[in-house]
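Data block for coords.tsv (TSV, C-alpha atoms):
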chain	number	residue	atom	x	y	z
B	4	MET	CA	0.00	0.00	0.00
B	5	SER	CA	1.34	3.48	-0.88
B	6	LEU	CA	2.50	5.59	2.05
B	7	ILE	CA	0.48	8.72	2.84
B	8	VAL	CA	2.42	11.74	4.09
B	9	PHE	CA	0.44	14.45	5.89
B	10	ASN	CA	1.39	18.13	6.08
B	11	SER	CA	0.28	19.74	9.33
B	12	ALA	CA	2.80	22.58	9.54
B	13	SER	CA	0.69	25.10	7.60
B	14	ASN	CA	-2.62	24.11	9.17
B	15	PRO	CA	-4.11	27.22	10.85
B	16	ILE	CA	-5.70	25.18	13.63
B	17	ASN	CA	-2.18	24.39	14.87
B	18	HIS	CA	-1.55	28.05	15.66
B	19	CYS	CA	-3.99	28.93	18.44
B	20	ARG	CA	-2.92	31.50	21.00
B	21	HIS	CA	-2.82	30.77	24.73
B	22	ASN	CA	-6.21	32.25	25.59
B	23	GLU	CA	-7.81	30.50	22.62
B	24	LYS	CA	-6.42	27.21	23.92
B	25	LEU	CA	-7.75	28.08	27.36
B	26	VAL	CA	-11.28	28.50	26.01
B	27	LEU	CA	-11.03	25.26	24.01
B	28	HIS	CA	-9.82	23.43	27.12
B	29	MET	CA	-12.79	24.70	29.12
B	30	LEU	CA	-15.22	23.65	26.40
B	31	ARG	CA	-13.67	20.16	26.42
B	32	GLN	CA	-14.24	20.02	30.18
B	33	HIS	CA	-17.72	21.56	30.31
B	34	HIS	CA	-18.95	20.55	26.82
B	35	ARG	CA	-20.99	23.74	26.26
B	36	GLU	CA	-20.82	27.18	27.81
B	37	SER	CA	-21.98	30.76	27.29
B	38	LYS	CA	-19.58	33.65	26.74
B	39	ALA	CA	-20.40	34.97	30.21
B	40	ASN	CA	-19.46	31.66	31.87
B	41	LEU	CA	-16.33	31.34	29.73
B	42	ALA	CA	-15.25	34.82	30.79
B	43	ARG	CA	-15.84	33.95	34.44
B	44	LEU	CA	-14.01	30.61	34.23
B	45	ALA	CA	-11.08	32.08	32.31
B	46	GLY	CA	-10.82	35.29	34.34
B	47	LEU	CA	-11.08	37.38	31.16
B	48	THR	CA	-13.25	40.32	30.19
B	49	ALA	CA	-16.41	39.90	28.16
B	50	ALA	CA	-14.80	41.81	25.29
B	51	ALA	CA	-11.76	39.52	25.30
B	52	ILE	CA	-13.93	36.39	25.28
B	53	GLY	CA	-16.02	37.83	22.44
B	54	GLY	CA	-12.92	38.22	20.31
B	55	ILE	CA	-11.65	34.74	21.17
B	56	VAL	CA	-14.99	33.09	20.37
B	57	THR	CA	-15.12	34.87	17.01
B	58	ALA	CA	-11.57	33.76	16.18
B	59	LEU	CA	-12.28	30.14	17.12
B	60	GLU	CA	-15.46	30.12	15.03
B	61	GLU	CA	-13.49	31.44	12.05
B	62	LYS	CA	-10.92	28.66	12.51
B	63	GLY	CA	-13.71	26.08	12.51
B	64	LEU	CA	-13.02	24.86	16.03
B	65	ILE	CA	-16.22	25.81	17.87
B	66	ARG	CA	-19.86	26.34	16.98
B	67	ASN	CA	-23.03	27.97	18.22
B	68	VAL	CA	-25.26	25.21	19.66
B	69	GLY	CA	-28.30	27.23	20.63
B	70	LYS	CA	-29.47	29.43	23.47
B	71	ILE	CA	-30.40	29.00	27.12
B	72	GLN	CA	-32.71	31.23	29.10
B	73	GLY	CA	-31.33	32.44	32.40
B	74	ASP	CA	-33.21	33.83	35.37
B	75	MET	CA	-33.41	37.24	33.76
B	76	GLY	CA	-32.44	39.12	30.61
B	77	LYS	CA	-31.91	37.82	27.10
B	78	PRO	CA	-31.16	34.14	26.43
B	79	ALA	CA	-27.45	33.34	26.38
B	80	THR	CA	-25.85	31.75	23.32
B	81	LEU	CA	-24.06	28.47	24.06
B	82	TYR	CA	-20.85	27.36	22.35
B	83	ALA	CA	-19.32	23.90	22.01
B	84	LEU	CA	-16.44	22.25	20.22
B	85	LEU	CA	-17.06	21.49	16.56
B	86	PRO	CA	-16.54	17.72	16.12
B	87	GLU	CA	-15.05	18.30	12.66
B	88	GLY	CA	-12.72	21.00	13.96
B	89	ALA	CA	-9.70	18.77	14.54
B	90	TYR	CA	-8.71	15.11	14.43
B	91	GLY	CA	-6.10	12.92	16.05
B	92	ILE	CA	-4.74	9.47	15.25
B	93	GLY	CA	-4.51	7.03	18.13
B	94	VAL	CA	-2.39	3.87	18.04
B	95	SER	CA	-2.78	1.33	20.84
B	96	ILE	CA	-0.07	-1.31	21.15
B	97	ASN	CA	-0.94	-4.05	23.59
B	98	ARG	CA	0.51	-7.48	24.19
B	99	GLY	CA	-2.74	-8.98	22.86
B	100	TYR	CA	-3.83	-6.59	20.07
B	101	ILE	CA	-2.92	-3.63	17.85
B	102	GLU	CA	-5.49	-0.92	17.14
B	103	THR	CA	-5.36	2.33	15.16
B	104	ILE	CA	-8.14	4.93	15.09
B	105	PHE	CA	-8.95	8.34	13.64
B	106	MET	CA	-10.86	10.42	16.23
B	107	ASP	CA	-12.61	13.79	16.02
B	108	PHE	CA	-12.45	16.77	18.38
B	109	VAL	CA	-15.16	15.47	20.74
B	110	GLY	CA	-13.88	11.91	21.09
B	111	GLN	CA	-15.92	10.16	18.37
B	112	VAL	CA	-14.08	7.44	16.42
B	113	VAL	CA	-14.50	8.00	12.68
B	114	ALA	CA	-12.37	5.07	11.47
B	115	SER	CA	-10.60	2.14	13.11
B	116	LYS	CA	-8.64	-1.02	12.38
B	117	LYS	CA	-7.82	-3.67	14.97
B	118	HIS	CA	-5.75	-6.85	14.88
B	119	ARG	CA	-6.00	-9.46	17.63
B	120	VAL	CA	-2.45	-10.77	17.64
B	121	ILE	CA	0.18	-11.51	20.23
B	122	LEU	CA	2.43	-8.48	19.92
B	123	PRO	CA	5.10	-9.15	17.25
B	124	ALA	CA	8.53	-7.54	16.85
B	125	PRO	CA	8.62	-3.71	16.47
B	126	GLN	CA	9.35	-3.43	12.75
B	127	ALA	CA	6.40	-5.67	11.90
B	128	VAL	CA	4.14	-3.48	14.03
B	129	LEU	CA	5.41	-0.31	12.35
B	130	THR	CA	4.62	-1.73	8.91
B	131	LEU	CA	1.18	-2.90	10.01
B	132	VAL	CA	0.23	0.45	11.58
B	133	LEU	CA	1.46	2.45	8.57
B	134	ASP	CA	-0.62	0.24	6.28
B	135	ASP	CA	-3.68	0.75	8.49
B	136	ILE	CA	-3.24	4.53	8.59
B	137	ALA	CA	-2.86	4.68	4.82
B	138	SER	CA	-5.89	2.46	4.25
B	139	MET	CA	-8.12	4.52	6.54
B	140	ALA	CA	-6.85	7.86	5.23
B	141	GLU	CA	-7.66	6.83	1.66
B	142	SER	CA	-11.25	6.09	2.69
B	143	LEU	CA	-11.72	9.39	4.58
B	144	SER	CA	-12.48	12.79	3.11
B	145	SER	CA	-9.80	15.44	2.76
B	146	ASP	CA	-11.79	17.54	5.26
B	147	ILE	CA	-10.67	15.02	7.89
B	148	THR	CA	-7.10	14.32	6.82
B	149	SER	CA	-6.35	18.04	6.35
B	150	ARG	CA	-7.28	18.75	9.98
B	151	LEU	CA	-5.14	16.06	11.60
B	152	VAL	CA	-2.97	17.49	14.37
B	153	GLY	CA	-0.84	14.48	15.28
B	154	ILE	CA	-0.48	10.89	16.46
B	155	GLY	CA	-0.60	9.45	19.95
B	156	VAL	CA	0.85	6.02	20.70
B	157	ALA	CA	-0.32	4.11	23.77
B	158	GLN	CA	1.75	1.10	24.81
B	159	PRO	CA	2.86	-0.69	27.97
B	160	TYR	CA	6.19	0.52	29.30
B	161	ASN	CA	9.04	-1.95	29.89
B	162	ILE	CA	7.57	-4.56	27.55
B	163	SER	CA	10.84	-6.51	27.58
B	164	SER	CA	10.36	-7.29	31.27
B	165	TRP	CA	7.69	-9.80	30.15
B	166	SER	CA	9.93	-11.38	27.50
B	167	ASN	CA	9.76	-14.75	29.28
B	168	ASP	CA	6.27	-14.93	27.74
B	169	ASN	CA	7.45	-13.93	24.24
B	170	GLN	CA	10.97	-13.34	22.87
B	171	ASP	CA	9.67	-10.81	20.31
B	172	TRP	CA	9.16	-8.38	23.19
B	173	LEU	CA	12.87	-8.08	23.97
B	174	ALA	CA	13.40	-5.48	21.22
B	175	TRP	CA	10.57	-3.16	22.24
B	176	ASP	CA	12.35	-1.14	24.91
B	177	ASP	CA	14.90	0.07	22.33
B	178	PHE	CA	12.31	0.97	19.66
B	179	ASP	CA	10.51	4.32	19.52
B	180	LEU	CA	7.33	3.59	17.59
B	181	ALA	CA	6.05	7.18	17.91
B	182	SER	CA	9.21	8.67	16.43
B	183	ASN	CA	9.23	6.18	13.55
B	184	LEU	CA	5.57	6.89	12.74
B	185	SER	CA	6.23	10.64	12.80
B	186	LYS	CA	9.15	10.31	10.37
B	187	ALA	CA	7.13	8.12	8.04
B	188	ILE	CA	3.97	10.21	7.68
B	189	GLY	CA	4.97	13.75	8.64
B	190	LEU	CA	2.81	14.28	11.71
B	191	PRO	CA	4.10	14.97	15.25
B	192	ALA	CA	3.78	11.89	17.45
B	193	GLN	CA	4.00	11.21	21.17
B	194	MET	CA	3.95	8.11	23.35
B	195	GLN	CA	1.88	7.49	26.49
B	196	ASN	CA	1.55	4.54	28.84
B	197	ASP	CA	-1.47	2.47	27.73
B	198	ALA	CA	-3.25	2.52	31.10
B	199	ASN	CA	-2.64	6.26	31.43
B	200	ALA	CA	-4.15	6.70	27.98
B	201	GLY	CA	-7.29	4.85	29.06
B	202	ALA	CA	-7.57	7.08	32.14
B	203	ILE	CA	-7.15	10.22	30.00
B	204	ALA	CA	-9.96	9.05	27.70
B	205	GLU	CA	-12.20	8.52	30.71
B	206	LEU	CA	-11.32	11.88	32.22
B	207	ILE	CA	-12.08	13.89	29.07
B	208	TYR	CA	-14.67	11.90	27.14
B	209	GLY	CA	-16.23	9.47	29.64
B	210	GLU	CA	-19.98	8.83	29.45
B	211	LYS	CA	-20.39	9.79	33.10
B	212	PRO	CA	-18.55	12.90	34.28
B	213	ALA	CA	-15.46	11.54	35.99
B	214	ALA	CA	-14.36	12.86	39.34
B	215	ASN	CA	-11.21	14.97	39.42
B	216	ASP	CA	-9.66	12.16	41.44
B	217	PHE	CA	-9.97	8.48	40.55
B	218	LEU	CA	-8.01	5.29	40.09
B	219	TYR	CA	-8.28	3.54	36.74
B	220	PHE	CA	-7.79	-0.20	36.23
B	221	TYR	CA	-7.76	-2.03	32.90
B	222	PHE	CA	-8.11	-5.82	32.60
B	223	GLY	CA	-6.38	-6.82	29.37
B	224	SER	CA	-6.90	-9.86	27.17
B	225	PRO	CA	-7.05	-13.25	28.93
B	226	MET	CA	-4.47	-14.51	26.43
B	227	VAL	CA	-1.64	-12.36	27.86
B	228	ARG	CA	-0.72	-11.28	31.36
B	229	SER	CA	-2.16	-7.77	31.45
B	230	LEU	CA	-3.59	-5.75	34.35
B	231	GLY	CA	-2.79	-2.05	34.14
B	232	GLY	CA	-3.68	1.00	36.17
B	233	ALA	CA	-3.39	4.76	36.39
B	234	ALA	CA	-4.03	7.53	38.91
B	235	VAL	CA	-5.93	10.74	38.14
B	236	LEU	CA	-5.46	13.39	40.83
B	237	ASP	CA	-6.69	17.00	40.73
B	238	GLY	CA	-7.94	16.48	37.19
B	239	GLU	CA	-4.57	15.33	35.84
B	240	CYS	CA	-3.31	11.86	34.98
B	241	ARG	CA	-0.21	11.50	37.15
B	242	SER	CA	2.56	9.61	35.38
B	243	GLY	CA	5.18	9.58	38.10
B	244	ALA	CA	8.93	9.77	37.53
B	245	SER	CA	9.09	6.76	35.19
B	246	GLY	CA	5.58	6.84	33.71
B	247	ASN	CA	4.15	3.94	35.72
B	248	ALA	CA	2.33	5.70	38.56
B	249	GLY	CA	-0.84	3.85	39.54
B	250	ASP	CA	0.18	0.58	37.86
B	251	ILE	CA	-1.92	-1.65	40.09
B	252	GLY	CA	-0.81	-4.89	38.44
B	253	LEU	CA	2.71	-4.49	39.82
B	254	MET	CA	1.56	-4.19	43.45
B	255	PRO	CA	3.07	-6.96	45.63
B	256	MET	CA	0.54	-9.32	47.17
B	257	PRO	CA	0.69	-11.87	50.03
B	258	VAL	CA	1.57	-15.35	48.80
B	259	ASP	CA	-1.30	-17.84	48.98
B	260	GLY	CA	0.31	-21.29	48.94
B	261	ARG	CA	-1.32	-23.91	46.70
B	262	TYR	CA	-3.48	-21.46	44.76
B	263	THR	CA	-0.50	-19.21	43.96
B	264	LYS	CA	1.52	-22.17	42.70
B	265	ALA	CA	-1.31	-23.24	40.43
B	266	ILE	CA	-1.32	-19.80	38.83
B	267	ASN	CA	2.38	-19.09	38.56
B	268	SER	CA	4.99	-21.24	40.25
B	269	GLU	CA	8.09	-19.39	39.06
B	270	VAL	CA	7.40	-15.81	40.08
B	271	GLU	CA	8.37	-14.44	43.49
B	272	PRO	CA	7.23	-12.15	44.94
B	273	GLN	CA	3.62	-12.52	43.95
B	274	LEU	CA	2.22	-9.48	42.13
B	275	LEU	CA	-1.42	-8.52	41.74
B	276	THR	CA	-1.32	-9.30	38.01
B	277	HIS	CA	-0.41	-12.92	38.87
B	278	SER	CA	-3.62	-13.42	40.82
B	279	CYS	CA	-6.09	-10.92	39.32
B	280	SER	CA	-5.38	-10.54	35.60
B	281	LEU	CA	-7.67	-12.55	33.35
B	282	TYR	CA	-4.58	-14.43	32.21
B	283	SER	CA	-4.21	-15.67	35.79
B	284	LEU	CA	-7.69	-17.18	35.46
B	285	VAL	CA	-6.61	-18.86	32.23
B	286	CYS	CA	-3.56	-20.30	34.03
B	287	TYR	CA	-5.77	-21.52	36.85
B	288	LEU	CA	-8.20	-23.20	34.45
B	289	ARG	CA	-5.29	-24.84	32.64
B	290	SER	CA	-4.02	-26.21	35.96
B	291	LEU	CA	-7.43	-27.88	36.31
B	292	GLY	CA	-7.16	-29.51	32.88
B	293	ALA	CA	-8.87	-26.93	30.63
B	294	MET	CA	-7.28	-26.53	27.18
B	295	VAL	CA	-7.55	-22.74	26.83
B	296	GLU	CA	-5.83	-21.64	23.63
B	297	SER	CA	-8.13	-18.84	22.42
B	298	HIS	CA	-10.71	-16.39	23.66
B	299	ASP	CA	-13.48	-18.71	22.42
B	300	ASP	CA	-11.99	-21.50	24.55
B	301	PHE	CA	-11.86	-19.14	27.50
B	302	ASP	CA	-15.57	-18.29	27.18
B	303	ALA	CA	-16.52	-21.94	26.89
B	304	TYR	CA	-14.52	-23.00	29.96
B	305	LEU	CA	-15.95	-20.13	32.02
B	306	ARG	CA	-19.29	-21.93	31.74
B	307	GLN	CA	-17.90	-25.45	32.13
B	308	TYR	CA	-15.83	-24.59	35.23
B	309	SER	CA	-18.30	-22.18	36.80
B	310	ALA	CA	-17.62	-23.29	40.40
B	311	ASP	CA	-13.86	-22.90	39.89
B	312	VAL	CA	-14.40	-19.49	38.27
B	313	ASP	CA	-16.38	-18.50	41.37
B	314	ALA	CA	-13.45	-19.56	43.54
B	315	TRP	CA	-11.05	-17.51	41.41
B	316	LEU	CA	-13.37	-14.51	41.61
B	317	GLU	CA	-13.40	-14.72	45.40
B	318	LYS	CA	-9.58	-14.76	45.50
B	319	CYS	CA	-9.37	-11.99	42.88
B	320	VAL	CA	-11.72	-9.66	44.75
B	321	PHE	CA	-9.93	-10.37	48.04
B	322	SER	CA	-6.61	-9.34	46.47
B	323	LEU	CA	-8.13	-6.29	44.79
B	324	THR	CA	-9.63	-5.22	48.12
B	325	ILE	CA	-6.19	-5.29	49.74
B	326	ALA	CA	-4.73	-3.31	46.83
B	327	VAL	CA	-7.49	-0.70	46.90
B	328	GLN	CA	-7.11	-0.20	50.65
B	329	SER	CA	-3.37	0.32	50.16
B	330	PHE	CA	-3.94	2.84	47.37
B	331	GLN	CA	-6.70	4.58	49.29
B	332	ALA	CA	-4.50	5.14	52.30
B	333	LEU	CA	-2.19	7.17	50.04
B	334	VAL	CA	-4.40	8.96	47.49
B	335	ASP	CA	-7.96	9.08	48.96
B	336	VAL	CA	-10.07	8.99	45.78
B	337	PRO	CA	-13.88	8.81	45.63
B	338	GLU	CA	-14.05	6.55	42.60
B	339	ILE	CA	-12.40	3.62	40.85
B	340	ILE	CA	-13.10	3.08	37.16
B	341	ILE	CA	-12.48	-0.42	35.79
B	342	ASP	CA	-12.51	-1.21	32.08
B	343	CYS	CA	-11.72	-4.22	29.91
B	344	GLU	CA	-12.00	-5.78	26.49
B	345	ASP	CA	-15.62	-5.77	25.28
B	346	ALA	CA	-15.71	-9.57	25.16
B	347	ASP	CA	-14.89	-9.77	28.89
B	348	ALA	CA	-17.43	-7.19	30.11
B	349	VAL	CA	-19.77	-9.69	31.81
B	350	LEU	CA	-16.96	-11.16	33.92
B	351	ILE	CA	-15.61	-7.71	34.79
B	352	GLU	CA	-19.09	-6.54	35.82
B	353	ARG	CA	-19.11	-9.42	38.33
B	354	ILE	CA	-15.74	-8.30	39.68
B	355	ILE	CA	-17.02	-4.73	40.00
B	356	ALA	CA	-20.16	-5.79	41.86
B	357	ASP	CA	-18.25	-8.08	44.23
B	358	LEU	CA	-15.52	-5.48	44.79
B	359	ASN	CA	-18.09	-2.82	45.67
B	360	ALA	CA	-19.64	-5.20	48.19
B	361	SER	CA	-16.23	-6.09	49.63
B	362	LEU	CA	-15.14	-2.46	49.97
B	363	SER	CA	-18.46	-1.52	51.59
B	364	ALA	CA	-17.91	-4.23	54.20
B	365	CYS	CA	-14.36	-3.13	54.98
B	366	SER	CA	-13.49	-1.51	58.25
B	367	LYS	CA	-12.89	2.06	57.16
B	368	ARG	CA	-10.23	2.75	59.78
B	369	GLY	CA	-10.26	6.48	59.20
B	370	PHE	CA	-10.77	6.62	55.42
B	371	VAL	CA	-13.72	6.17	53.08
B	372	MET	CA	-13.77	3.44	50.47
B	373	PRO	CA	-14.26	4.51	46.84
B	374	VAL	CA	-17.18	3.49	44.63
B	375	VAL	CA	-16.25	1.21	41.73
B	376	ARG	CA	-17.87	1.52	38.28
B	377	LYS	CA	-17.35	0.29	34.73
B	378	GLY	CA	-15.46	2.45	32.27
B	379	SER	CA	-16.96	4.00	29.16
B	380	PHE	CA	-14.85	2.74	26.27
B	381	GLY	CA	-14.05	-0.95	26.65
B	382	SER	CA	-11.67	-2.26	24.01
B	383	GLN	CA	-11.02	1.19	22.52
B	384	ALA	CA	-10.09	2.93	25.78
B	385	SER	CA	-6.34	3.22	25.23
B	386	ALA	CA	-6.69	4.05	21.51
B	387	ILE	CA	-9.10	6.90	22.32
B	388	GLY	CA	-6.73	8.11	25.02
B	389	ALA	CA	-3.84	7.91	22.57
B	390	ALA	CA	-5.71	10.04	20.01
B	391	THR	CA	-6.44	12.54	22.79
B	392	VAL	CA	-2.71	13.15	23.38
B	393	PRO	CA	-2.03	15.14	20.15
B	394	LEU	CA	-5.28	17.09	20.60
B	395	ASP	CA	-4.18	17.99	24.13
B	396	THR	CA	-0.72	18.98	22.92
B	397	CYS	CA	-2.17	21.21	20.22
B	398	PHE	CA	-5.01	22.79	22.17
B	399	SER	CA	-4.20	22.60	25.87
B	400	PRO	CA	-3.14	25.91	27.46
B	401	LYS	CA	-0.50	24.18	29.61
Before anything else, please render the file you have as structure tokens.
Amino acid sequence: MSLIVFNSASNPINHCRHNEKLVLHMLRQHHRESKANLARLAGLTAAAIGGIVTALEEKGLIRNVGKIQGDMGKPATLYALLPEGAYGIGVSINRGYIETIFMDFVGQVVASKKHRVILPAPQAVLTLVLDDIASMAESLSSDITSRLVGIGVAQPYNISSWSNDNQDWLAWDDFDLASNLSKAIGLPAQMQNDANAGAIAELIYGEKPAANDFLYFYFGSPMVRSLGGAAVLDGECRSGASGNAGDIGLMPMPVDGRYTKAINSEVEPQLLTHSCSLYSLVCYLRSLGAMVESHDDFDAYLRQYSADVDAWLEKCVFSLTIAVQSFQALVDVPEIIIDCEDADAVLIERIIADLNASLSACSKRGFVMPVVRKGSFGSQASAIGAATVPLDTCFSPK
């Protein structure tokens, strides 16, 4: 497939001033606002906001979405982001799949391609993603491709640390996929941790308004060991010094004798991912004689081994409860958002229900347990978060 090279340097939407970015950021947070409220939130005069709103309308970034009647006076005109105003490309690299999307300014996916594969070597992934971008770009109108602002890449950090599961992963820590994509197609590109990307998607575009403070957990495919997490505090996804802040799967857990050995006999100390990832359930079912080689097998054995699945769920929720109490003692959040692959939603909903019950029954010991709920985006969470990164870079006032 022929390579498509984009030219974003001359695009006028890439040249917004600070106060214009501030207004766009507020509209992303509040979805629709009047000029009076924008002036109040931004600390600017009505005249200044009037000029900014006019400029953003001329650039095709915001639109008039109607009027609202206040307590007195004339109805106020409301403004919102124009979905067609800007687009980002999101690339999600996971140990169990590769997904690329084109996303508009309000978080709607306009094109996507996904491959369910165990993550191959970096060069093969680069070729696959470039082919997918070219294929989707050829099918989209020039109105979309001309308003692309960049690429975001979401991937697990330190992939090589799991190379015992797959030797192809050894090369990943020395390969900068974002930089190679940028060179190939002419758009700026940035990388983000995959769990952080999912949390960013939830923070900005979630179906339910997310709290300014929450923990985010993502249960990856049952075919690979994958349980990620992120921490959102004061309305910002906190990466930490090395980018892995909030990574719940790496939390050490108490060892549980026979059950631990059935899941993973070679790993010490026991980590949460070894007892709570869906892959740990696959390992447990295999130890009982189940031949789980695919997601279809996994679904079938969930029904066949229902009593054993119940036992695993009890252990999983017990471990998650310990982890949440540990996190809560440090960060004190009101909410935990858990998401997963779409195919695993029913099982994850059971975990959420049981975890809520377990946390409610906990001795609070001076702190309040958070409420747990399902995330908004399922399988596309990290890809949507990845596509958000270039939009944030272009339009955030920070």
How big is the axis-aligned box around the listed atoms of region 298-315 of chain B once 8 Å is added on each side, and where is its centre? Give both in Å to one decimal, as JSON.
{"center_x": -15.0, "center_y": -20.9, "center_z": 33.0, "size_x": 24.6, "size_y": 25.1, "size_z": 37.1}
Considering only C-alpha atoms, tabulate each residue of region 19-130 of chain B that lies at most 9 Å from region 214-226 of chain B along with its nearest interatomic pair and the corresponding distance in Å to one decimal; arrange the rows by chain and ascending residue number and present them as CSV.
residue,atom,partner,partner_atom,distance
B:Asn97,CA,B:Gly223,CA,8.4
B:Arg98,CA,B:Ser224,CA,8.3
B:Gly99,CA,B:Ser224,CA,6.1
B:Tyr100,CA,B:Ser224,CA,8.4
B:Ile121,CA,B:Met226,CA,8.3
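Of the listed residues (B:Ser278, B:Gln331, B:Gln193, B:Ser283), B:Gln193 comes nearest to Cys397 (chain B); the distances count all atoms listed in the file.
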### Message
Measuring between all atoms listed in the file, which one of B:Leu25, B:Leu236, B:Ser382, B:Leu284 shows the shortest distance to Val336 (chain B)?
### Response
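Comparing B:Leu25, B:Leu236, B:Ser382, B:Leu284 against Val336 (chain B), the winner is B:Leu236.
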### Task
Choose the residue, out of B:Leu190, B:Ile7, B:Ala58, B:Val120, that has the smallest atom-to-atom separation from Glu141 (chain B); count all atoms listed in the file.
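When distances to Glu141 (chain B) are compared using all atoms listed in the file, the smallest one comes from B:Ile7.
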#### Entry: All residues 10 Å or closer to Asp146 (chain B), all atoms listed in the file, same chain fewer than 5 positions away omitted, as a VMD selection string
chain B and resid 87 to 90 151
#### Entry: Distance query Gln111 (chain B) at most 9 Å, all atoms listed in the file, self and fewer than 6 positions along chain excluded, as a list in words
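Non-adjacent residues within range: Pro86, Phe105 and Ile387 of chain B.
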### Query
Any idea what's packed within 12 Å of Glu61 (chain B), counting all atoms listed in the file, ignoring anything in its chain fewer than 5 positions away? Could you give it as a list of chain:residue names?
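So, after excluding close chain neighbours, the residues are B:Pro15, B:Ile16, B:Cys19, B:Gly54, B:Ile55, B:Val56, B:Arg66, B:Asn67, B:Leu85, B:Gly88.
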### Query
For Gly155 (chain B), which of B:Ala364, B:Leu281, B:Val94, B:Met106 is the closest residue, counting only C-alpha atoms?
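Ranking B:Ala364, B:Leu281, B:Val94, B:Met106 by distance to Gly155 (chain B), first place goes to B:Val94.
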#### Entry: Among listed residues B:Leu291, B:Ile96, B:Ala202, B:Met139, nearest Ile162 (chain B) (using all atoms listed in the file)
B:Ile96
### Task
Between B:Val227, B:Ala390, B:Val374, B:Ile147, single out the one closest to Cys286 (chain B), counting all atoms listed in the file.
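Ranking B:Val227, B:Ala390, B:Val374, B:Ile147 by distance to Cys286 (chain B), first place goes to B:Val227.
A straight line drawn from CA of Lys377 (chain B) to CA of Leu288 (chain B) is 25.2 Å long.
Taking CA of Leu44 (chain B) and CA of Pro393 (chain B) as endpoints, the distance between them is 24.1 Å.
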#### Entry: Distance query Ser385 (chain B) at most 9 Å, all atoms listed in the file, self and fewer than 3 positions along chain excluded, as a list in words
Gly93, Val94, Ser95, Ile96, Val156, Ala157, Gln158, Asn196, Asp197, Ala198, Asn199, Ala200, Gly201, Ala202, Ile203, Ala204, Phe380, Gly381, Ser382, Gly388, Ala389 and Ala390 of chain B
### Task
For Val128 (chain B), list every protein, DNA or RNA residue within 10 Å, evaluated using only C-alpha atoms, and leave out those in the same chain fewer than 6 positions away; present the list as a list in words.
Ile96, Ile101, Leu122, Asp134 and Leu180 of chain B
